[in-house]
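This report refers to the structure that appears directly beneath it.
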Amino acid sequence: DGFLPLGCFVQLFVMGLDVGADGYEIVRYNTKKKAYKKIKTLTNPKTVSYTDKGLKKRTKYKYKIRAYQKNGTKKVYGFYSNPKNGMTR
């Protein structure tokens, strides 16, 4: 996974797409709650980027991503990626 800091947003890239994935879940670390929170579900497995907007200037953000597959009406999730940092300018 890759990250590109641009102004008050961070562009996230899905690297090494998971073959057979139906989509991806992106979470961002909340320093106040000391926990990750889901910020986006990419429902198209061919989508390779997401822009996290409305962020504070000169602030570090931490993200993780995981793939999922649909199993009927349920989603079966893979493991989260290692945390990656993004920094706004």
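All residue names refer to the structure tokens as shown: chains lettered A, B, ... in order, residues numbered from 1 in each chain, ligands numbered from 1 in order.
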
Fewer than 5 positions away in the same chain doesn't count, so skip those; otherwise give me all residues within 9 Å of Lys38 in chain A, counting only C-alpha atoms, as a ChimeraX atom specification. /A:25-29

Take the selection from the previous step and output its residues with N, CA and C atoms, as a short mmCIF file (atom, residue, chain, number, x, y, z; two decimals), in the first residue's frame.
data_model
loop_
_atom_site.label_atom_id
_atom_site.label_comp_id
_atom_site.auth_asym_id
_atom_site.auth_seq_id
_atom_site.Cartn_x
_atom_site.Cartn_y
_atom_site.Cartn_z
N GLU A 25 -11.46 -2.63 2.60
CA GLU A 25 -11.87 -1.77 3.71
C GLU A 25 -10.65 -0.99 4.17
N ILE A 26 -10.83 0.34 4.31
CA ILE A 26 -9.74 1.21 4.76
C ILE A 26 -10.10 1.76 6.13
N VAL A 27 -9.15 1.69 7.05
CA VAL A 27 -9.36 2.24 8.40
C VAL A 27 -8.26 3.25 8.70
N ARG A 28 -8.59 4.26 9.52
CA ARG A 28 -7.64 5.30 9.93
C ARG A 28 -7.60 5.32 11.45
N TYR A 29 -6.40 5.51 11.99
CA TYR A 29 -6.21 5.54 13.43
C TYR A 29 -6.72 6.85 14.01
#

Near-range 49-57 of chain A list (7 Å; only C-alpha atoms; drop same-chain fewer than 6 positions) as a list in words: Cys8, Phe9, Val10, Gln11, Leu12, Phe13, Val14, Thr88 and Arg89 of chain A

Using N, CA and C atoms, can you write the selected residues to a file as an mmCIF file, in the first residue's frame?
data_model
loop_
_atom_site.group_PDB
_atom_site.id
_atom_site.type_symbol
_atom_site.label_atom_id
_atom_site.label_comp_id
_atom_site.auth_asym_id
_atom_site.auth_seq_id
_atom_site.Cartn_x
_atom_site.Cartn_y
_atom_site.Cartn_z
ATOM 1 N N CYS A 8 -4.288 19.110 2.398
ATOM 2 C CA CYS A 8 -5.004 18.611 3.578
ATOM 3 C C CYS A 8 -5.740 17.322 3.279
ATOM 4 N N PHE A 9 -5.152 16.500 2.477
ATOM 5 C CA PHE A 9 -5.700 15.169 2.227
ATOM 6 C C PHE A 9 -4.563 14.207 1.937
ATOM 7 N N VAL A 10 -4.872 12.924 2.035
ATOM 8 C CA VAL A 10 -3.886 11.881 1.774
ATOM 9 C C VAL A 10 -4.467 10.959 0.711
ATOM 10 N N GLN A 11 -3.687 10.704 -0.332
ATOM 11 C CA GLN A 11 -4.091 9.779 -1.398
ATOM 12 C C GLN A 11 -3.531 8.405 -1.063
ATOM 13 N N LEU A 12 -4.411 7.408 -0.954
ATOM 14 C CA LEU A 12 -4.006 6.055 -0.619
ATOM 15 C C LEU A 12 -4.073 5.191 -1.870
ATOM 16 N N PHE A 13 -3.077 4.337 -2.059
ATOM 17 C CA PHE A 13 -3.043 3.437 -3.203
ATOM 18 C C PHE A 13 -2.999 1.991 -2.724
ATOM 19 N N VAL A 14 -3.815 1.144 -3.345
ATOM 20 C CA VAL A 14 -3.807 -0.284 -3.046
ATOM 21 C C VAL A 14 -2.756 -0.913 -3.947
ATOM 22 N N THR A 88 -0.053 15.111 5.965
ATOM 23 C CA THR A 88 -0.568 16.228 5.178
ATOM 24 C C THR A 88 0.449 17.361 5.199
ATOM 25 N N ARG A 89 0.331 18.278 4.262
ATOM 26 C CA ARG A 89 1.274 19.396 4.167
ATOM 27 C C ARG A 89 0.660 20.667 4.697
#

The distance between CA of Asn30 in chain A and CA of Lys62 in chain A is 8.5 Å

Proximity to Arg58 in chain A - best of A:Gly86, A:Gly23, A:Pro45, A:Gly72, only C-alpha atoms: A:Gly86

Could you list, as a compact mmCIF listing (two decimals) with N, CA and C atoms, in the first residue's frame, every residue within 10 Å of Phe79 in chain A, counting only C-alpha atoms and ignoring same-chain residues fewer than 3 positions away?
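Everything below was put into around33.txt:
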# COMPACT_ATOMS: atom_id res chain seq x y z
N LYS A 64 -4.67 1.42 7.69
CA LYS A 64 -4.53 0.00 7.37
C LYS A 64 -5.63 -0.34 6.36
N ILE A 65 -5.39 -1.40 5.59
CA ILE A 65 -6.36 -1.83 4.60
C ILE A 65 -6.46 -3.35 4.63
N ARG A 66 -7.65 -3.86 4.30
CA ARG A 66 -7.80 -5.31 4.19
C ARG A 66 -8.80 -5.61 3.08
N ALA A 67 -8.61 -6.75 2.45
CA ALA A 67 -9.50 -7.20 1.39
C ALA A 67 -10.66 -7.98 2.00
N TYR A 68 -11.74 -8.06 1.23
CA TYR A 68 -12.85 -8.92 1.64
C TYR A 68 -13.42 -9.63 0.42
N ASN A 82 -0.01 -4.06 7.32
CA ASN A 82 0.74 -3.36 8.35
C ASN A 82 0.36 -1.88 8.29

Residues of range 52-83 of chain A within 10 Å of range 19-22 of chain A: nearest atom pair and distance (Å, one decimal) for each, counting only C-alpha atoms, sorted by chain and number, as CSV?
residue,atom,partner,partner_atom,distance
A:Arg66,CA,A:Ala21,CA,9.6
A:Ala67,CA,A:Ala21,CA,5.9
A:Tyr68,CA,A:Ala21,CA,5.6
A:Gln69,CA,A:Asp22,CA,4.9
A:Lys70,CA,A:Asp22,CA,6.4
A:Asn71,CA,A:Asp22,CA,9.9
A:Lys75,CA,A:Asp22,CA,9.0
A:Val76,CA,A:Ala21,CA,9.7
A:Tyr77,CA,A:Ala21,CA,9.3
A:Gly78,CA,A:Ala21,CA,9.2

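Considering only C-alpha atoms, the residue among A:Thr31, A:Thr59, A:Ser81, A:Thr41 positioned nearest to Asp18 in chain A is A:Ser81.
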
From a DSSP pass on the backbone, collect the residues of range 20-80 of chain A flagged as strand (DSSP E or B) and hand them back as a ChimeraX atom specification. /A:23-30,35-42,49-52,60-71,74-77
